[in-house]
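First comes the structure, then the notes that go with it.
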Amino acid sequence: MTTERPAHQDIHEYLAEFEDIPGTRVFTAKRARQGYHMNQFAMSLMKAENRERFKADERAYMDEWPLTEAQKQALLARDYNACLDLGGNIYFLSKLFSTDGLPFAEAVSTMTDMSFPEYREMMNKGGRSPEGLRSIKEKR
Amino acid sequence: MARITAGVASSHVPLLGVASDFGKDRDEYFGPIFAGYDWTREWEKAEKPDVVILVYNDHASAFDMKIIPTFAIGCGERYKPADEGWGPRAVPDVEGHPDLAWHIAQSLILDEFDMTIINEMDVDHGLTVPLSMMFGKPDAWPCKVVPLAVNVVTYPPPSGNRCWALGEAIARAVASFPEDLNVQIWGTGGMSHQLQGARAGLINREWDNRFLDGLIGESDHLRRIPHIEYLRETGSEGIEMVMWLIMRGALGSKTRALHRHYHVPCSNTAIGHLVLRPDNGEGYDMTGSEGGPPIAPT
């Protein structure tokens with residue numbers, strides 16, 4: 001663990017380090033801006049009447065929001081890695097899992113290279129080891 | 001005067017709320033998780049806190065992307081369980097303590113912590129799951145709650161050092177409240193988990209246990225862990241552990257552990273739970289409840 005005194009952190013250096021984590025998108029201000037409407041769209045699914053309208057015609061419901069075509073396609077395909085790349089945040093996207101009736105862990109597993117049973121088995125055996133997944137540059 | 005008599009840390013995985021609400025809390029999967037809280041539920045019956053300052057994060061329930069407060073304190077009379085997309089949890093409403101909450105809010109602002117003040121909001125699993133874990137299934141929660149919401153979703157969240165210092169300031173604020181109140185502070189969220197991307201499912205048992213170790217005793221080294229270390233070592237959602245440092249900071253220079261529990265997995269997450277007593281020679285052991293089971297080093 002790091003034990004030295006916290007220095008004043010330069011925001012550029014702070015953000016640059018996030019790009020060095022394998023298989024991870026940190027929800028930075030840049031992503032929050034890019035995904036603003038996608039996340040607010042997902043938030044709207046908290047309301048039962050919106051869920052019904054969405055389920056009745058997903059495309060028409062999404063057309064009411066200022067989403068990019070790529071965002072709409074990623075949402076329609078439930079391609080959650082693509083959603084994250086386009087500024088989605090997992091806690092907001094989880095409103096879509098719930099609308100689909102998908103358990104959280106199952107939705108999470110779709111972002112990995114495993115099937116849900118394989119993912120569940122990995123978790124039951126203690127989860128994914130951080131070994132080799134801490135840093136791209138340092139290969140540790 | 002009011003005093004902080006104990007600190008409690010706990011994960012707040014939503015699935016634990018589901019297990020509790022649908023009577024699955026003693027089945028094969030959830031039984032070992034809930035068993036680790038049995039000691040605490042008995043202990044809480046003896047402690048009878050008047051108020052819990054409950055540090056948690058909102059998961060796109062009360063706050064959406066429109067407003068992102070870094071530190072927000074609930075000063076309302078009561079809070080309803082949020083509808084998180086599948087109907088609100090069938091648990092009691094949460095009763096606030098506006099007198100204490102406003103006193104803390106005012107004191108913190110004078111102490112240079114520029115809090116956001118919330119008068120109305122619904123509270124999601126981040127707040128209600130820890131109540132279920134510590135109090136079971138009562139008809140009404142046995143204490144009042146001051147919700148303290150922290151942004152750990154949009155980067156940057158507050159630093160660990162700032163969280164610790166906020167805890168210290170909360171302790172000063174509580175100590176200057178004139179009414180005689182038994183106050184606990186709870187830090188929730190964590191431990192290691194990643195809910196997104198190809199690295200999802202990351203768990204770091206060794207690091208989590210070093211973090212639990214670091215909350216006990218005199219050292220304050222945990223406040224210096226940078227965000228990048230949480231991200232690399234404990235997954236993208238492990239950053240929630242900075243909220244535990246608010247709890248730890250409020251307990252003063254030294255703590256001792258009364259109970260400890262660690263379990264993998266719950267859904268995608270490592271469950272960690274710790275009960276701490278401020279160990280500052282001021283005799284905060286009020287109930288003689290120390291006769292419970294010894295700390296289980298799991």
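Identifiers in this document derive from the order of the structure tokens: chains are assigned A, B, ..., residues are numbered from 1 separately in each chain, and ligands are numbered from 1 in order of occurrence.
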Do you know which residues are at most 6 Å from segment 116-124 of chain B counting only C-alpha atoms, after dropping those on the same chain fewer than 2 positions away, and could you put them as a PyMOL selection string?
chain B and resi 62+72-76+79-82+126-127
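Backbone DSSP of segment 100-239 of chain B yields strand (DSSP E or B) at Thr116, Ile117, Ile118, Asp122, Val123, Lys144, Val145, Val146, Pro147, Leu148, Ala149, Val150, Asn182, Val183, Gln184, Ile185, Trp186, Gly187, Thr188, His193, Leu202 and Gly217 of chain B.
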Write out as an NGL selection string every residue belonging to chain B that has an atom at most 8 Å from any atom of chain A, counting only C-alpha atoms.
:B and (59-60 or 64-65 or 83-86 or 153-156 or 161 or 195-204 or 221-222 or 224-226 or 228-229 or 231-234 or 236 or 264-265 or 267-268)
Output of the above residues as a short mmCIF file (atom, residue, chain, number, x, y, z; two decimals), in the first residue's frame, restricted to N, CA and C atoms:
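So part.cif came out as:
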```
data_model
loop_
_atom_site.label_atom_id
_atom_site.label_comp_id
_atom_site.auth_asym_id
_atom_site.auth_seq_id
_atom_site.Cartn_x
_atom_site.Cartn_y
_atom_site.Cartn_z
N HIS B 59 -26.71 5.27 -5.82
CA HIS B 59 -26.40 4.58 -7.08
C HIS B 59 -27.42 4.99 -8.13
N ALA B 60 -27.35 6.23 -8.58
CA ALA B 60 -28.29 6.70 -9.60
C ALA B 60 -29.74 6.49 -9.15
N ASP B 64 -29.17 11.95 -10.06
CA ASP B 64 -28.80 11.49 -11.39
C ASP B 64 -27.61 12.32 -11.86
N MET B 65 -27.43 12.46 -13.17
CA MET B 65 -26.26 13.21 -13.65
C MET B 65 -26.46 14.73 -13.57
N ASP B 83 -37.29 3.49 -5.26
CA ASP B 83 -37.62 2.51 -6.30
C ASP B 83 -36.44 2.47 -7.26
N GLU B 84 -35.65 1.40 -7.20
CA GLU B 84 -34.44 1.33 -8.02
C GLU B 84 -34.68 0.63 -9.36
N GLY B 85 -35.94 0.54 -9.73
CA GLY B 85 -36.27 -0.05 -11.03
C GLY B 85 -37.06 -1.34 -10.91
N TRP B 86 -37.19 -1.86 -9.69
CA TRP B 86 -38.00 -3.06 -9.49
C TRP B 86 -38.94 -2.89 -8.29
N VAL B 153 -18.92 7.90 -7.82
CA VAL B 153 -19.29 7.41 -9.15
C VAL B 153 -18.57 8.20 -10.23
N THR B 154 -18.67 9.52 -10.19
CA THR B 154 -18.04 10.36 -11.22
C THR B 154 -16.69 10.86 -10.70
N TYR B 155 -15.63 10.64 -11.49
CA TYR B 155 -14.28 11.01 -11.05
C TYR B 155 -14.01 12.48 -11.24
N PRO B 156 -13.22 13.08 -10.32
CA PRO B 156 -12.65 12.45 -9.12
C PRO B 156 -13.62 12.45 -7.94
N ASN B 161 -7.67 11.08 2.03
CA ASN B 161 -7.22 12.02 3.06
C ASN B 161 -8.34 12.99 3.43
N LEU B 195 -17.57 -3.98 -11.57
CA LEU B 195 -18.86 -4.33 -12.19
C LEU B 195 -18.88 -4.09 -13.68
N GLN B 196 -17.73 -3.81 -14.27
CA GLN B 196 -17.76 -3.40 -15.68
C GLN B 196 -16.51 -3.86 -16.43
N GLY B 197 -16.71 -4.05 -17.75
CA GLY B 197 -15.59 -4.30 -18.65
C GLY B 197 -15.01 -5.70 -18.53
N ALA B 198 -13.92 -5.92 -19.28
CA ALA B 198 -13.33 -7.26 -19.36
C ALA B 198 -12.74 -7.72 -18.04
N ARG B 199 -12.42 -6.79 -17.16
CA ARG B 199 -11.79 -7.14 -15.87
C ARG B 199 -12.85 -7.37 -14.77
N ALA B 200 -14.12 -7.34 -15.14
CA ALA B 200 -15.20 -7.50 -14.14
C ALA B 200 -14.99 -8.78 -13.33
N GLY B 201 -15.37 -8.71 -12.08
CA GLY B 201 -15.24 -9.88 -11.20
C GLY B 201 -13.96 -9.88 -10.39
N LEU B 202 -13.17 -8.82 -10.54
CA LEU B 202 -11.91 -8.76 -9.79
C LEU B 202 -12.15 -8.74 -8.28
N ILE B 203 -11.41 -9.57 -7.59
CA ILE B 203 -11.47 -9.64 -6.12
C ILE B 203 -10.03 -9.69 -5.61
N ASN B 204 -9.71 -8.93 -4.58
CA ASN B 204 -8.36 -8.94 -4.03
C ASN B 204 -8.43 -9.14 -2.51
N HIS B 221 -2.24 5.37 8.02
CA HIS B 221 -1.65 5.28 6.67
C HIS B 221 -2.69 5.10 5.57
N LEU B 222 -3.87 4.58 5.91
CA LEU B 222 -4.87 4.33 4.85
C LEU B 222 -5.32 5.63 4.18
N ARG B 224 -3.66 7.85 3.00
CA ARG B 224 -2.74 8.28 1.94
C ARG B 224 -2.79 7.39 0.69
N ILE B 225 -3.70 6.43 0.65
CA ILE B 225 -3.82 5.59 -0.55
C ILE B 225 -4.44 6.42 -1.68
N PRO B 226 -3.75 6.53 -2.83
CA PRO B 226 -4.33 7.32 -3.93
C PRO B 226 -5.41 6.53 -4.69
N ILE B 228 -5.71 5.76 -7.72
CA ILE B 228 -5.21 4.80 -8.71
C ILE B 228 -4.93 3.44 -8.06
N GLU B 229 -4.53 3.46 -6.79
CA GLU B 229 -4.26 2.17 -6.13
C GLU B 229 -5.57 1.40 -5.88
N LEU B 231 -8.17 1.60 -7.72
CA LEU B 231 -8.61 1.14 -9.04
C LEU B 231 -7.83 -0.09 -9.49
N ARG B 232 -6.51 -0.02 -9.36
CA ARG B 232 -5.69 -1.16 -9.82
C ARG B 232 -5.90 -2.40 -8.97
N GLU B 233 -5.94 -2.21 -7.65
CA GLU B 233 -5.91 -3.36 -6.73
C GLU B 233 -7.29 -3.90 -6.39
N THR B 234 -8.31 -3.04 -6.40
CA THR B 234 -9.61 -3.49 -5.85
C THR B 234 -10.75 -3.34 -6.86
N SER B 236 -12.84 -1.31 -10.24
CA SER B 236 -13.31 0.05 -10.47
C SER B 236 -14.31 0.51 -9.41
N VAL B 264 -16.09 -14.01 0.44
CA VAL B 264 -16.17 -13.92 -1.02
C VAL B 264 -16.94 -15.14 -1.50
N PRO B 265 -17.89 -14.99 -2.45
CA PRO B 265 -18.37 -13.73 -3.02
C PRO B 265 -19.77 -13.44 -2.53
N SER B 267 -22.49 -12.08 -5.11
CA SER B 267 -22.65 -11.62 -6.49
C SER B 267 -21.27 -11.32 -7.06
N ASN B 268 -20.97 -10.03 -7.34
CA ASN B 268 -19.68 -9.66 -7.93
C ASN B 268 -18.67 -9.16 -6.90
#
```
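Among the candidates B:Val146, B:Leu212, B:Ala2, B:Ile185, the residue lying nearest to Met247 of chain B is B:Ile185 (atoms considered: only C-alpha atoms).
You will find atom CA of Thr128 of chain B at 26.9 Å from atom CA of Ile109 of chain B.
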Nearest to Gly87 of chain B, chosen from B:Asn151, B:Ser20, B:Ser61, B:Thr255, with only C-alpha atoms counted in the distances:
B:Ser61
Name all residues at most 12 Å from Cys163 of chain B (count only C-alpha atoms; drop same-chain ones fewer than 3 positions away) and give them as a VMD selection string.
chain B and resid 55 70 to 71 113 148 to 152 157 to 160 166 to 170 187 222 to 225 239 to 250
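Neighbouring residues of segment 67-78 of chain A at 7 Å or closer, counting only C-alpha atoms and skipping chain neighbours under 5 positions away, are A:His37, A:Met38, A:Met62, A:Cys83, A:Leu86.
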Create the file for the chosen residues now, containing N, CA and C atoms and written as an mmCIF file, in the first residue's frame.
```
data_model
loop_
_atom_site.group_PDB
_atom_site.id
_atom_site.type_symbol
_atom_site.label_atom_id
_atom_site.label_comp_id
_atom_site.auth_asym_id
_atom_site.auth_seq_id
_atom_site.Cartn_x
_atom_site.Cartn_y
_atom_site.Cartn_z
ATOM 1 N N HIS A 37 -26.624 12.100 -21.920
ATOM 2 C CA HIS A 37 -28.011 11.795 -22.299
ATOM 3 C C HIS A 37 -28.297 10.295 -22.233
ATOM 4 N N MET A 38 -27.260 9.477 -22.523
ATOM 5 C CA MET A 38 -27.458 8.024 -22.422
ATOM 6 C C MET A 38 -27.752 7.647 -20.973
ATOM 7 N N MET A 62 -36.219 5.774 -27.545
ATOM 8 C CA MET A 62 -34.866 6.353 -27.568
ATOM 9 C C MET A 62 -34.787 7.568 -28.480
ATOM 10 N N CYS A 83 -21.521 0.461 -24.783
ATOM 11 C CA CYS A 83 -22.187 1.536 -24.021
ATOM 12 C C CYS A 83 -21.169 2.270 -23.144
ATOM 13 N N LEU A 86 -19.073 4.606 -25.011
ATOM 14 C CA LEU A 86 -19.798 5.798 -25.482
ATOM 15 C C LEU A 86 -20.275 6.671 -24.320
#
```
Can you work out the spacing between atom CA of Leu251 of chain B and atom CA of Pro278 of chain B in Å, to one decimal?
5.0 Å
